[in-house]
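Novice: I have a structure here, written as structure tokens, and I will follow up with some questions on it.
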Amino acid sequence: MNDLSLAIAPHRIGAMVLRYWYLLLSSWPRLLELMYWPTLQIITWGFLQTYIASNAGFFARAGGTLIGAVILWDILFRGQLGFSISFLEEMWARNIGNLMMSPLTPIEFLLSLMAMSLVRLAIGIIPMTLIAVWFFDFNFYSLGLPLIAFFCNLIFTSWAVGIFVSGLVLRNGLGAESIVWTLMFALMPLACVYYPVQVLPHWLQLVAWSLPPTYVFEGMRALLTDHVFRADLMLTALGLNAALLLASFAAFIALLRSARRAGSLLSSGE
């Protein structure tokens with residue numbers, strides 16, 4: 001398989017998506033898990049905001065910033081996890097070597113993982129947003145067109161992280177699997193999910209502003225508290241995401257080549 005091939009065959013991507021879809025449908029615990037954690041999060045944090053709003057004027061005025069942050073964070077985290085889980089399914093089944101020897105190109109493989117991450121994300125997020133409406137009177141979809149900008153930037157970041165960590169696991173084997181579950185949480189404090197950037201020390205603010213999700217969460221707070229859509233923040237996030245995606249693709253190809261040289265594609269690498 002030529003790593004540098006730019007030819008993309010939609011039927012091969014579709015076949016991979018169909019494979020992952022059948023795998024998902026074959027196990028009801030997999031489907032349940034996709035909905036369980038987002039539902040638990042929105043209920044827990046939603047009731048916390050309800051309590052805070054009844055005791056603090058700012059949160060009453062800010063209407064839904066905490067619930068909105070929980071939903072947006074779940075889009076970021078679940079987008080990456082949905083990508084990585086589909087990749088790990090191949091590692092667990094020791095099928096990576098077979099895929100890499102097939103006509104499937106790396107770009108087609110990654111695109112199929114991206115498509116499947118959207119499917120997994122929808123299964124978890126849609127019930128979560130409906131619960132937010134029913135229990136807490138917060139309609140996430142009422143954000144309107146800005147929601148598209150928020151979603152796109154977060155999903156682009158999640159894919160960039162997913163591609164990079166998948167490359168690390170591909171090169172180092174399942175011994176590096178823990179990175180899949182933990183790396184996004186390492187970004188969480190710096191992405192300022194639940195508080196503004198100004199809370200951080202000045203030197204950490206510089207780091208925070210280098211991360212695309214920071215702009216999304218700042219934009220969400222500006223929209224909900226000041227009723228202003230910060231297009232400048234979204235465009236900056238988009239530029240950073242473009243750079244991250246290009247870097248992650250390059251890193252994946254480099255790690256794939258290294259895995260081939262090391263002969264780690266035919267084993268789990270434990």
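Residues are named by chain letter and number: chains run A, B, ... in the order of the structure tokens, numbers start at 1 in each chain, and ligands are numbered from 1 in the order shown.
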Hey, which bits of region 132-232 of chain A sit within 10 Å of region 246-251 of chain A, and for each residue what's the closest pair of atoms and how far apart in Å (one decimal), counting only C-alpha atoms, rows by chain and increasing number, as CSV?
Specialist:
```
residue,atom,partner,partner_atom,distance
A:Trp159,CA,A:Ser248,CA,8.7
A:Ala160,CA,A:Ser248,CA,5.5
A:Val161,CA,A:Ser248,CA,7.3
A:Gly162,CA,A:Ser248,CA,8.6
A:Ile163,CA,A:Ser248,CA,5.9
A:Phe164,CA,A:Ser248,CA,5.2
A:Val165,CA,A:Ser248,CA,9.0
A:Ser166,CA,A:Ser248,CA,9.8
A:Gly167,CA,A:Ala251,CA,7.1
A:Leu168,CA,A:Ala251,CA,8.9
```
Novice: Based on the selection just made, write all heavy atoms of those residues as an mmCIF file, in the first residue's frame.
Specialist:
```cif
data_model
loop_
_atom_site.group_PDB
_atom_site.id
_atom_site.type_symbol
_atom_site.label_atom_id
_atom_site.label_comp_id
_atom_site.auth_asym_id
_atom_site.auth_seq_id
_atom_site.Cartn_x
_atom_site.Cartn_y
_atom_site.Cartn_z
ATOM 1 N N TRP A 159 -10.579 14.557 15.999
ATOM 2 C CA TRP A 159 -9.976 13.707 14.967
ATOM 3 C C TRP A 159 -8.458 13.837 14.960
ATOM 4 O O TRP A 159 -7.748 12.838 14.810
ATOM 5 C CB TRP A 159 -10.537 14.081 13.599
ATOM 6 C CG TRP A 159 -11.939 13.610 13.376
ATOM 7 C CD1 TRP A 159 -12.616 12.649 14.089
ATOM 8 C CD2 TRP A 159 -12.857 14.074 12.375
ATOM 9 N NE1 TRP A 159 -13.889 12.496 13.591
ATOM 10 C CE2 TRP A 159 -14.070 13.352 12.540
ATOM 11 C CE3 TRP A 159 -12.782 15.033 11.366
ATOM 12 C CZ2 TRP A 159 -15.189 13.553 11.721
ATOM 13 C CZ3 TRP A 159 -13.891 15.245 10.555
ATOM 14 C CH2 TRP A 159 -15.078 14.497 10.735
ATOM 15 N N ALA A 160 -7.961 15.059 15.115
ATOM 16 C CA ALA A 160 -6.508 15.255 15.127
ATOM 17 C C ALA A 160 -5.868 14.474 16.270
ATOM 18 O O ALA A 160 -4.852 13.785 16.081
ATOM 19 C CB ALA A 160 -6.180 16.742 15.245
ATOM 20 N N VAL A 161 -6.460 14.558 17.451
ATOM 21 C CA VAL A 161 -5.937 13.810 18.598
ATOM 22 C C VAL A 161 -6.086 12.311 18.356
ATOM 23 O O VAL A 161 -5.169 11.525 18.641
ATOM 24 C CB VAL A 161 -6.659 14.224 19.896
ATOM 25 C CG1 VAL A 161 -6.219 13.343 21.072
ATOM 26 C CG2 VAL A 161 -6.389 15.695 20.214
ATOM 27 N N GLY A 162 -7.248 11.892 17.824
ATOM 28 C CA GLY A 162 -7.482 10.476 17.564
ATOM 29 C C GLY A 162 -6.488 9.891 16.573
ATOM 30 O O GLY A 162 -5.987 8.777 16.751
ATOM 31 N N ILE A 163 -6.195 10.630 15.513
ATOM 32 C CA ILE A 163 -5.226 10.169 14.508
ATOM 33 C C ILE A 163 -3.846 10.017 15.132
ATOM 34 O O ILE A 163 -3.152 9.015 14.922
ATOM 35 C CB ILE A 163 -5.183 11.146 13.319
ATOM 36 C CG1 ILE A 163 -6.504 11.101 12.541
ATOM 37 C CG2 ILE A 163 -4.013 10.826 12.390
ATOM 38 C CD1 ILE A 163 -6.654 12.212 11.523
ATOM 39 N N PHE A 164 -3.460 11.009 15.933
ATOM 40 C CA PHE A 164 -2.126 10.977 16.546
ATOM 41 C C PHE A 164 -1.981 9.808 17.521
ATOM 42 O O PHE A 164 -1.006 9.048 17.450
ATOM 43 C CB PHE A 164 -1.849 12.303 17.255
ATOM 44 C CG PHE A 164 -0.535 12.328 17.982
ATOM 45 C CD1 PHE A 164 0.659 12.248 17.284
ATOM 46 C CD2 PHE A 164 -0.500 12.433 19.364
ATOM 47 C CE1 PHE A 164 1.878 12.266 17.961
ATOM 48 C CE2 PHE A 164 0.710 12.453 20.046
ATOM 49 C CZ PHE A 164 1.911 12.364 19.340
ATOM 50 N N VAL A 165 -2.944 9.641 18.427
ATOM 51 C CA VAL A 165 -2.822 8.562 19.414
ATOM 52 C C VAL A 165 -2.939 7.196 18.743
ATOM 53 O O VAL A 165 -2.305 6.228 19.189
ATOM 54 C CB VAL A 165 -3.849 8.704 20.553
ATOM 55 C CG1 VAL A 165 -3.631 9.993 21.324
ATOM 56 C CG2 VAL A 165 -5.275 8.610 20.053
ATOM 57 N N SER A 166 -3.712 7.100 17.663
ATOM 58 C CA SER A 166 -3.802 5.832 16.934
ATOM 59 C C SER A 166 -2.446 5.476 16.325
ATOM 60 O O SER A 166 -2.037 4.309 16.319
ATOM 61 C CB SER A 166 -4.867 5.914 15.839
ATOM 62 O OG SER A 166 -6.154 6.085 16.398
ATOM 63 N N GLY A 167 -1.754 6.495 15.823
ATOM 64 C CA GLY A 167 -0.414 6.265 15.301
ATOM 65 C C GLY A 167 0.545 5.783 16.376
ATOM 66 O O GLY A 167 1.360 4.889 16.138
ATOM 67 N N LEU A 168 0.430 6.364 17.576
ATOM 68 C CA LEU A 168 1.293 5.931 18.675
ATOM 69 C C LEU A 168 1.030 4.477 19.055
ATOM 70 O O LEU A 168 1.962 3.706 19.295
ATOM 71 C CB LEU A 168 1.069 6.833 19.899
ATOM 72 C CG LEU A 168 1.573 8.272 19.806
ATOM 73 C CD1 LEU A 168 1.221 9.034 21.075
ATOM 74 C CD2 LEU A 168 3.089 8.304 19.584
#
```
Novice: Give me, as JSON lines, each residue of region 233-254 of chain A that comes within 12 Å of region 171-191 of chain A, together with its shortest interatomic pair and the distance in Å at one decimal, counting only C-alpha atoms, with rows ordered by chain and rising residue number.
Specialist:
```
{"residue": "A:Ala237", "atom": "CA", "partner": "A:Ala191", "partner_atom": "CA", "distance": 11.8}
{"residue": "A:Ala251", "atom": "CA", "partner": "A:Arg171", "partner_atom": "CA", "distance": 10.8}
{"residue": "A:Phe252", "atom": "CA", "partner": "A:Arg171", "partner_atom": "CA", "distance": 9.2}
{"residue": "A:Ile253", "atom": "CA", "partner": "A:Arg171", "partner_atom": "CA", "distance": 10.5}
{"residue": "A:Ala254", "atom": "CA", "partner": "A:Arg171", "partner_atom": "CA", "distance": 9.4}
```
Novice: I'd like to know which of A:Arg78, A:Arg230, A:Arg94, A:His202 is closest to Leu147 (chain A), using only C-alpha atoms.
Specialist: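 Closest candidate: A:Arg230.
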Novice: Please determine, counting only C-alpha atoms, which residue among A:Leu110, A:Met35, A:Ala122, A:Val193 has the shortest atom-to-atom distance to Val70 (chain A).
Specialist: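 So, comparing all the options, the nearest one is A:Val193.
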Novice: Can you work out which one of A:Cys192, A:Leu211, A:Val199, A:Leu233 has the shortest atom-to-atom distance to Trp73 (chain A), counting only C-alpha atoms?
Specialist: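 The closest residue to Trp73 (chain A) is A:Cys192.
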Novice: Find the residues around Ala231 (chain A) up to 9 Å (only C-alpha atoms counted), leave out those fewer than 6 positions away in its own chain, and share them as a PyMOL selection string.
Specialist: chain A and resi 146+149+219
Novice: Report, in Å with one decimal, the straight-line distance from CA of Trp209 (chain A) to CA of Ala242 (chain A).
Specialist: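 Separation of CA of Trp209 (chain A) and CA of Ala242 (chain A): 15.4 Å.
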Novice: Residues at most 10 Å from Val17 (chain A), counting only C-alpha atoms, excluding those fewer than 5 positions away in the same chain, as a list in words?
Specialist: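 These residues fall inside the cut-off: His11, Arg12, Tyr22, Leu23, Ser86, Phe109, Leu111, Ser112, Leu113, Met114, Ala115, Met116, Ser117 and Val119 of chain A.
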Novice: Do a neighbour search on region 137-145 of chain A at 8 Å with only C-alpha atoms, toss out local chain neighbours closer than 6 positions, and write the hits as a PDB file with N, CA, C and O atoms, in the first residue's frame.
Specialist:
```pdb
ATOM      1  N   GLY A  64     -27.260  28.144  31.616  1.00  0.00           N
ATOM      2  CA  GLY A  64     -26.878  26.979  30.835  1.00  0.00           C
ATOM      3  C   GLY A  64     -25.410  26.874  30.480  1.00  0.00           C
ATOM      4  O   GLY A  64     -25.043  25.974  29.724  1.00  0.00           O
ATOM      5  N   ILE A  67     -24.123  23.421  31.664  1.00  0.00           N
ATOM      6  CA  ILE A  67     -24.671  22.324  30.862  1.00  0.00           C
ATOM      7  C   ILE A  67     -24.126  22.383  29.436  1.00  0.00           C
ATOM      8  O   ILE A  67     -23.772  21.359  28.845  1.00  0.00           O
ATOM      9  N   GLY A  68     -24.054  23.595  28.878  1.00  0.00           N
ATOM     10  CA  GLY A  68     -23.488  23.746  27.536  1.00  0.00           C
ATOM     11  C   GLY A  68     -22.049  23.267  27.476  1.00  0.00           C
ATOM     12  O   GLY A  68     -21.636  22.603  26.516  1.00  0.00           O
ATOM     13  N   THR A 129     -28.619  15.536  24.726  1.00  0.00           N
ATOM     14  CA  THR A 129     -29.213  16.858  24.497  1.00  0.00           C
ATOM     15  C   THR A 129     -30.717  16.848  24.770  1.00  0.00           C
ATOM     16  O   THR A 129     -31.276  17.851  25.218  1.00  0.00           O
ATOM     17  N   LEU A 130     -31.374  15.730  24.508  1.00  0.00           N
ATOM     18  CA  LEU A 130     -32.808  15.625  24.792  1.00  0.00           C
ATOM     19  C   LEU A 130     -33.072  15.639  26.295  1.00  0.00           C
ATOM     20  O   LEU A 130     -34.034  16.256  26.765  1.00  0.00           O
TER      21      LEU A 130
END
```
Novice: Could you give me the residues within region 60-239 of chain A that DSSP places in helix (DSSP H, G or I), as an NGL selection string?
Specialist: :A and (60-62 or 65-92 or 96-100 or 106-136 or 140-143 or 145-172 or 174-176 or 178-187 or 197-199 or 202-208 or 212-226 or 231-239)
Novice: Using only C-alpha atoms, can you tell me which of A:Met91, A:Phe150, A:Ile85, A:Leu99 comes closest to Leu223 (chain A)?
Specialist: A:Phe150
Novice: Which of these, A:Ser26, A:Glu89, A:Leu154, A:Ile131, has the shortest distance to Phe77 (chain A) once you count only C-alpha atoms?
Specialist: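 Between A:Ser26, A:Glu89, A:Leu154, A:Ile131, the residue approaching Phe77 (chain A) most closely is A:Leu154.
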Novice: Record the distance separating CA of Ile125 (chain A) and CA of Asp74 (chain A), expressed in Å with one decimal.
Specialist: 7.6 Å
Novice: Using only C-alpha atoms, which residue out of A:Leu204, A:Ile8, A:Met100, A:Ile75 lies closest to Val216 (chain A)?
Specialist: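 Going through A:Leu204, A:Ile8, A:Met100, A:Ile75 one by one, the smallest distance to Val216 (chain A) is for A:Ile75.
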